[in-house]
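**Student:** Input file: work-v2.cif. Contents: mmCIF, C-alpha atoms.
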data_input
loop_
_atom_site.label_atom_id
_atom_site.label_comp_id
_atom_site.auth_asym_id
_atom_site.auth_seq_id
_atom_site.Cartn_x
_atom_site.Cartn_y
_atom_site.Cartn_z
CA MET A 1 17.65 -33.14 34.78
CA LYS A 2 18.47 -30.07 36.85
CA LYS A 3 14.86 -29.92 38.15
CA PHE A 4 14.98 -33.62 39.08
CA ILE A 5 18.16 -33.13 41.14
CA GLN A 6 16.69 -30.04 42.91
CA THR A 7 13.48 -31.90 43.76
CA THR A 8 15.40 -34.92 45.06
CA LEU A 9 17.69 -32.76 47.22
CA LEU A 10 14.71 -30.86 48.63
CA ALA A 11 12.91 -34.10 49.56
CA PHE A 12 16.08 -35.56 51.10
CA SER A 13 16.73 -32.42 53.19
CA ALA A 14 13.13 -32.46 54.49
CA MET A 15 13.63 -36.04 55.67
CA LEU A 16 16.74 -34.99 57.60
CA VAL A 17 15.00 -32.05 59.29
CA ILE A 18 11.73 -33.77 60.37
CA PRO A 19 12.33 -36.95 62.38
CA THR A 20 10.04 -39.80 61.36
CA SER A 21 9.10 -40.47 65.00
CA ALA A 22 7.48 -37.02 65.17
CA ILE A 23 5.28 -37.86 62.20
CA ALA A 24 4.35 -41.40 63.19
CA SER A 25 3.45 -40.99 66.85
CA SER A 26 1.32 -38.78 69.03
CA THR A 27 2.46 -37.53 72.42
CA GLN A 28 -1.06 -36.96 73.74
CA PRO A 29 -2.25 -39.52 76.29
CA GLN A 30 -5.25 -41.62 75.32
CA SER A 31 -8.29 -41.42 77.61
CA THR A 32 -10.81 -44.18 78.15
CA GLU A 33 -13.11 -42.12 80.42
CA ALA A 34 -16.65 -41.45 79.23
CA ILE A 35 -17.35 -37.89 78.21
CA ALA A 36 -20.08 -36.20 80.25
CA PRO A 37 -23.07 -35.06 78.19
CA VAL A 38 -23.07 -31.38 77.33
CA SER A 39 -26.08 -29.30 78.33
CA LYS A 40 -27.87 -27.53 75.53
CA THR A 41 -29.92 -24.33 75.82
CA THR A 42 -32.69 -23.85 73.26
CA GLU A 43 -35.27 -21.09 72.84
CA VAL A 44 -38.72 -22.69 72.80
CA LEU A 45 -41.02 -19.65 72.81
CA ARG A 46 -40.95 -15.97 71.85
CA TYR A 47 -44.14 -14.03 72.53
CA THR A 48 -44.88 -10.42 71.61
CA LYS A 49 -48.33 -9.76 73.04
CA LEU A 50 -49.53 -12.26 75.59
CA GLU A 51 -52.90 -10.85 76.64
CA SER A 52 -54.05 -10.61 80.25
CA ARG A 53 -55.81 -13.77 81.48
CA SER A 54 -54.49 -15.87 78.56
CA SER A 55 -51.82 -18.48 78.07
CA LEU A 56 -49.47 -19.93 75.43
CA ASP A 57 -47.74 -23.27 74.95
CA SER A 58 -44.11 -23.40 73.92
CA LYS A 59 -42.74 -25.71 71.25
CA TRP A 60 -42.16 -29.25 72.41
CA PHE A 61 -38.61 -30.15 73.32
CA ASP A 62 -37.02 -33.57 73.80
CA ILE A 63 -35.04 -34.77 76.78
CA GLN A 64 -32.64 -37.45 75.53
CA SER A 65 -31.20 -38.42 78.93
CA PRO A 66 -32.82 -38.14 82.39
CA GLY A 67 -32.06 -35.01 84.36
CA LYS A 68 -33.31 -31.74 85.75
CA ILE A 69 -33.98 -28.96 83.27
CA THR A 70 -33.56 -25.24 83.82
CA VAL A 71 -36.02 -22.76 82.34
CA HIS A 72 -34.78 -19.25 81.50
CA VAL A 73 -37.35 -16.50 80.92
CA THR A 74 -37.26 -12.84 80.04
CA GLN A 75 -40.41 -10.81 80.43
CA LYS A 76 -41.63 -7.24 80.40
CA GLY A 77 -44.84 -5.32 79.95
CA ARG A 78 -45.63 -4.31 76.40
CA LEU A 79 -46.01 -0.78 77.76
CA SER A 80 -43.49 0.55 80.27
CA SER A 81 -46.28 1.28 82.77
CA ILE A 82 -47.37 -2.39 82.82
CA LYS A 83 -45.91 -4.67 85.49
CA PRO A 84 -46.20 -8.25 84.15
CA ASN A 85 -47.17 -11.15 86.38
CA LEU A 86 -46.49 -14.43 84.56
CA THR A 87 -46.53 -18.09 85.57
CA TYR A 88 -44.44 -20.71 83.74
CA ARG A 89 -45.12 -24.44 84.13
CA ILE A 90 -43.15 -27.42 82.83
CA LEU A 91 -45.57 -30.03 81.46
CA SER A 92 -45.15 -33.41 79.84
CA ALA A 93 -46.44 -33.83 76.29
CA ASP A 94 -48.01 -37.16 77.33
CA GLY A 95 -51.27 -35.40 78.23
CA SER A 96 -50.73 -35.29 81.98
CA SER A 97 -51.61 -31.91 83.50
CA ARG A 98 -49.32 -32.42 86.50
CA SER A 99 -46.76 -29.60 86.74
CA LEU A 100 -43.12 -30.75 86.82
CA GLY A 101 -41.82 -27.35 87.88
CA THR A 102 -43.26 -23.85 88.21
CA GLY A 103 -41.94 -20.32 88.21
CA ARG A 104 -44.06 -17.24 88.91
CA PHE A 105 -42.42 -13.88 88.30
CA GLU A 106 -43.71 -10.35 88.73
CA GLY A 107 -42.10 -7.40 86.98
CA SER A 108 -39.65 -7.04 84.13
CA GLY A 109 -36.37 -8.93 83.97
CA SER A 110 -34.66 -12.27 83.46
CA PHE A 111 -35.55 -15.19 85.70
CA THR A 112 -34.81 -18.92 86.00
CA PHE A 113 -36.30 -21.95 87.69
CA THR A 114 -35.56 -25.68 87.65
CA SER A 115 -37.73 -28.76 87.37
CA THR A 116 -38.76 -30.11 90.76
CA LYS A 117 -37.19 -33.51 90.06
CA GLU A 118 -35.16 -35.37 87.48
CA LEU A 119 -37.29 -35.79 84.36
CA PRO A 120 -37.27 -39.01 82.34
CA VAL A 121 -36.56 -39.19 78.62
CA GLY A 122 -39.51 -37.74 76.70
CA LYS A 123 -41.24 -34.69 75.21
CA TYR A 124 -42.08 -31.63 77.28
CA TYR A 125 -43.31 -28.06 76.85
CA ILE A 126 -43.68 -24.86 78.88
CA LEU A 127 -47.12 -23.30 79.51
CA VAL A 128 -46.99 -19.52 80.05
CA SER A 129 -49.95 -17.80 81.72
CA ASN A 130 -50.42 -14.05 82.05
CA THR A 131 -52.17 -13.37 85.35
CA GLY A 132 -51.36 -9.67 85.29
CA ILE A 133 -53.03 -6.71 83.61
CA GLY A 134 -52.08 -5.78 80.05
CA ARG A 135 -49.96 -7.47 77.40
CA ALA A 136 -46.57 -9.02 78.06
CA VAL A 137 -43.59 -9.77 75.80
CA GLY A 138 -40.78 -12.23 76.41
CA THR A 139 -38.85 -15.38 75.64
CA VAL A 140 -38.56 -18.84 77.14
CA SER A 141 -35.47 -21.05 76.78
CA VAL A 142 -34.66 -24.42 78.34
CA THR A 143 -31.33 -25.96 79.28
CA ILE A 144 -31.54 -29.70 78.73
CA PRO A 145 -29.06 -32.17 80.21
#
Hey, can you dump this file as structure tokens for me?

**Tutor:**
Amino acid sequence: MKKFIQTTLLAFSAMLVIPTSAIASSTQPQSTEAIAPVSKTTEVLRYTKLESRSSLDSKWFDIQSPGKITVHVTQKGRLSSIKPNLTYRILSADGSSRSLGTGRFEGSGSFTFTSTKELPVGKYYILVSNTGIGRAVGTVSVTIP
């Protein structure tokens, strides 16, 4: 009986301390505005020895809503004495060979370029070509709208 009375008093005192309006309602305003899509950056290629006069295709990536994409690359010569010269092209996976954006970068570092126009929903990939001398290493990531 003593436990029952203690439990009842504890429950009753909690009801006095916490007003029911604080539990039942929210003070945050409700918004009916649409939320803007969040951009997503994804690595699509990592290469460790891209030979001179050769090329590689990245993984395909999907664009779910139309927009411009940004391509982020890091590159360096496999040997410190090598100065890479690489070309990156955005291509559609539909078989068209028309470039939708190109970046050509000489030397080691991090570089970016953007598609030349807004791209429609679909599958795309990046073609990397080594036009320099020696092997190159690097990564390719894309930011998709």

**Student:** Determine, counting all atoms listed in the file, which protein, DNA and RNA residues have an atom within 7 Å of an atom of Thr102 (chain A); residues of the same chain fewer than 6 positions away are not included. Present the result as an MDAnalysis selection string.

**Tutor:** chainID A and resid 88:90

**Student:** Give as a PDB file with C-alpha atoms, in the coordinates of the input every residue, naming chains and numbers as the document does, that has an atom within 6 Å of (-46.8, -11.9, 84.6), counting all atoms listed in the file.

**Tutor:**
ATOM      1  CA  PRO A  84     -46.200  -8.250  84.150  1.00  0.00           C
ATOM      2  CA  ASN A  85     -47.170 -11.150  86.380  1.00  0.00           C
ATOM      3  CA  LEU A  86     -46.490 -14.430  84.560  1.00  0.00           C
ATOM      4  CA  GLU A 106     -43.710 -10.350  88.730  1.00  0.00           C
ATOM      5  CA  ASN A 130     -50.420 -14.050  82.050  1.00  0.00           C
ATOM      6  CA  THR A 131     -52.170 -13.370  85.350  1.00  0.00           C
ATOM      7  CA  GLY A 132     -51.360  -9.670  85.290  1.00  0.00           C
TER       8      GLY A 132
END

**Student:** Using only C-alpha atoms for the distances, tell me which of A:Gly95, A:Gly138, A:Gly122, A:Gly107 is nearest to Thr74 (chain A).

**Tutor:** A:Gly138

**Student:** Please evaluate the PyMOL selection byres ((chain A and resi 68) around 8) against the displayed coordinates and give the resulting residues as a PDB file with C-alpha atoms, keeping the file's coordinate frame.

**Tutor:**
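result.pdb was written with the following content:
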ATOM      1  CA  PRO A  66     -32.820 -38.140  82.390  1.00  0.00           C
ATOM      2  CA  GLY A  67     -32.060 -35.010  84.360  1.00  0.00           C
ATOM      3  CA  ILE A  69     -33.980 -28.960  83.270  1.00  0.00           C
ATOM      4  CA  THR A  70     -33.560 -25.240  83.820  1.00  0.00           C
ATOM      5  CA  THR A 114     -35.560 -25.680  87.650  1.00  0.00           C
ATOM      6  CA  SER A 115     -37.730 -28.760  87.370  1.00  0.00           C
ATOM      7  CA  THR A 116     -38.760 -30.110  90.760  1.00  0.00           C
ATOM      8  CA  LYS A 117     -37.190 -33.510  90.060  1.00  0.00           C
ATOM      9  CA  GLU A 118     -35.160 -35.370  87.480  1.00  0.00           C
ATOM     10  CA  LEU A 119     -37.290 -35.790  84.360  1.00  0.00           C
ATOM     11  CA  ILE A 144     -31.540 -29.700  78.730  1.00  0.00           C
ATOM     12  CA  PRO A 145     -29.060 -32.170  80.210  1.00  0.00           C
TER      13      PRO A 145
END

**Student:** Given the choices A:Ser58, A:Lys76, A:Gln64, A:Lys83, which gets closest to Ile133 (chain A) if the distance is worked out from only C-alpha atoms?

**Tutor:**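 Comparing A:Ser58, A:Lys76, A:Gln64, A:Lys83 against Ile133 (chain A), the winner is A:Lys83.
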
**Student:** Which one is closest to Leu127 (chain A): A:Asp62, A:Arg78, A:Ser39, A:Ser92? Count all atoms listed in the file.

**Tutor:**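 Distance minimum relative to Leu127 (chain A) lands on A:Ser92.
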
**Student:** Calculate how many Å separate CA of Arg46 (chain A) from CA of Tyr124 (chain A), rounding to one decimal.

**Tutor:**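 These two atoms are separated by 16.6 Å.
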
**Student:** Quick one, how far is CA of Phe111 (chain A) from CA of Val71 (chain A)?

**Tutor:**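 Computing the Euclidean distance for CA of Phe111 (chain A) and CA of Val71 (chain A) yields 8.3 Å.
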
**Student:** If the PyMOL selection byres ((chain A and resi 51) around 8) were run on this exact file, what residues would it hold? Put them as JSON, numbers by chain.

**Tutor:** {"A": [49, 50, 52, 53, 54, 55, 130, 134, 135, 136]}

**Student:** CA of Trp60 (chain A) to CA of Ile126 (chain A): how many Å, to one decimal?

**Tutor:**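 Rounded to one decimal, the two atoms are 8.0 Å apart.
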
**Student:** My list of candidates is A:Val128, A:Leu100, A:Thr143, A:His72. Which is closest to Thr87 (chain A) when distances are computed with only C-alpha atoms?

**Tutor:**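 Between A:Val128, A:Leu100, A:Thr143, A:His72, the residue approaching Thr87 (chain A) most closely is A:Val128.
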
**Student:** Would you write out, as a list in words, every residue that the PyMOL selection byres ((chain A and resi 140) around 6) captures in this file?

**Tutor:**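 So the PyMOL selection byres ((chain A and resi 140) around 6), applied here, picks out Glu43, Val44, Leu45, His72, Val73, Thr139 and Ser141 of chain A.
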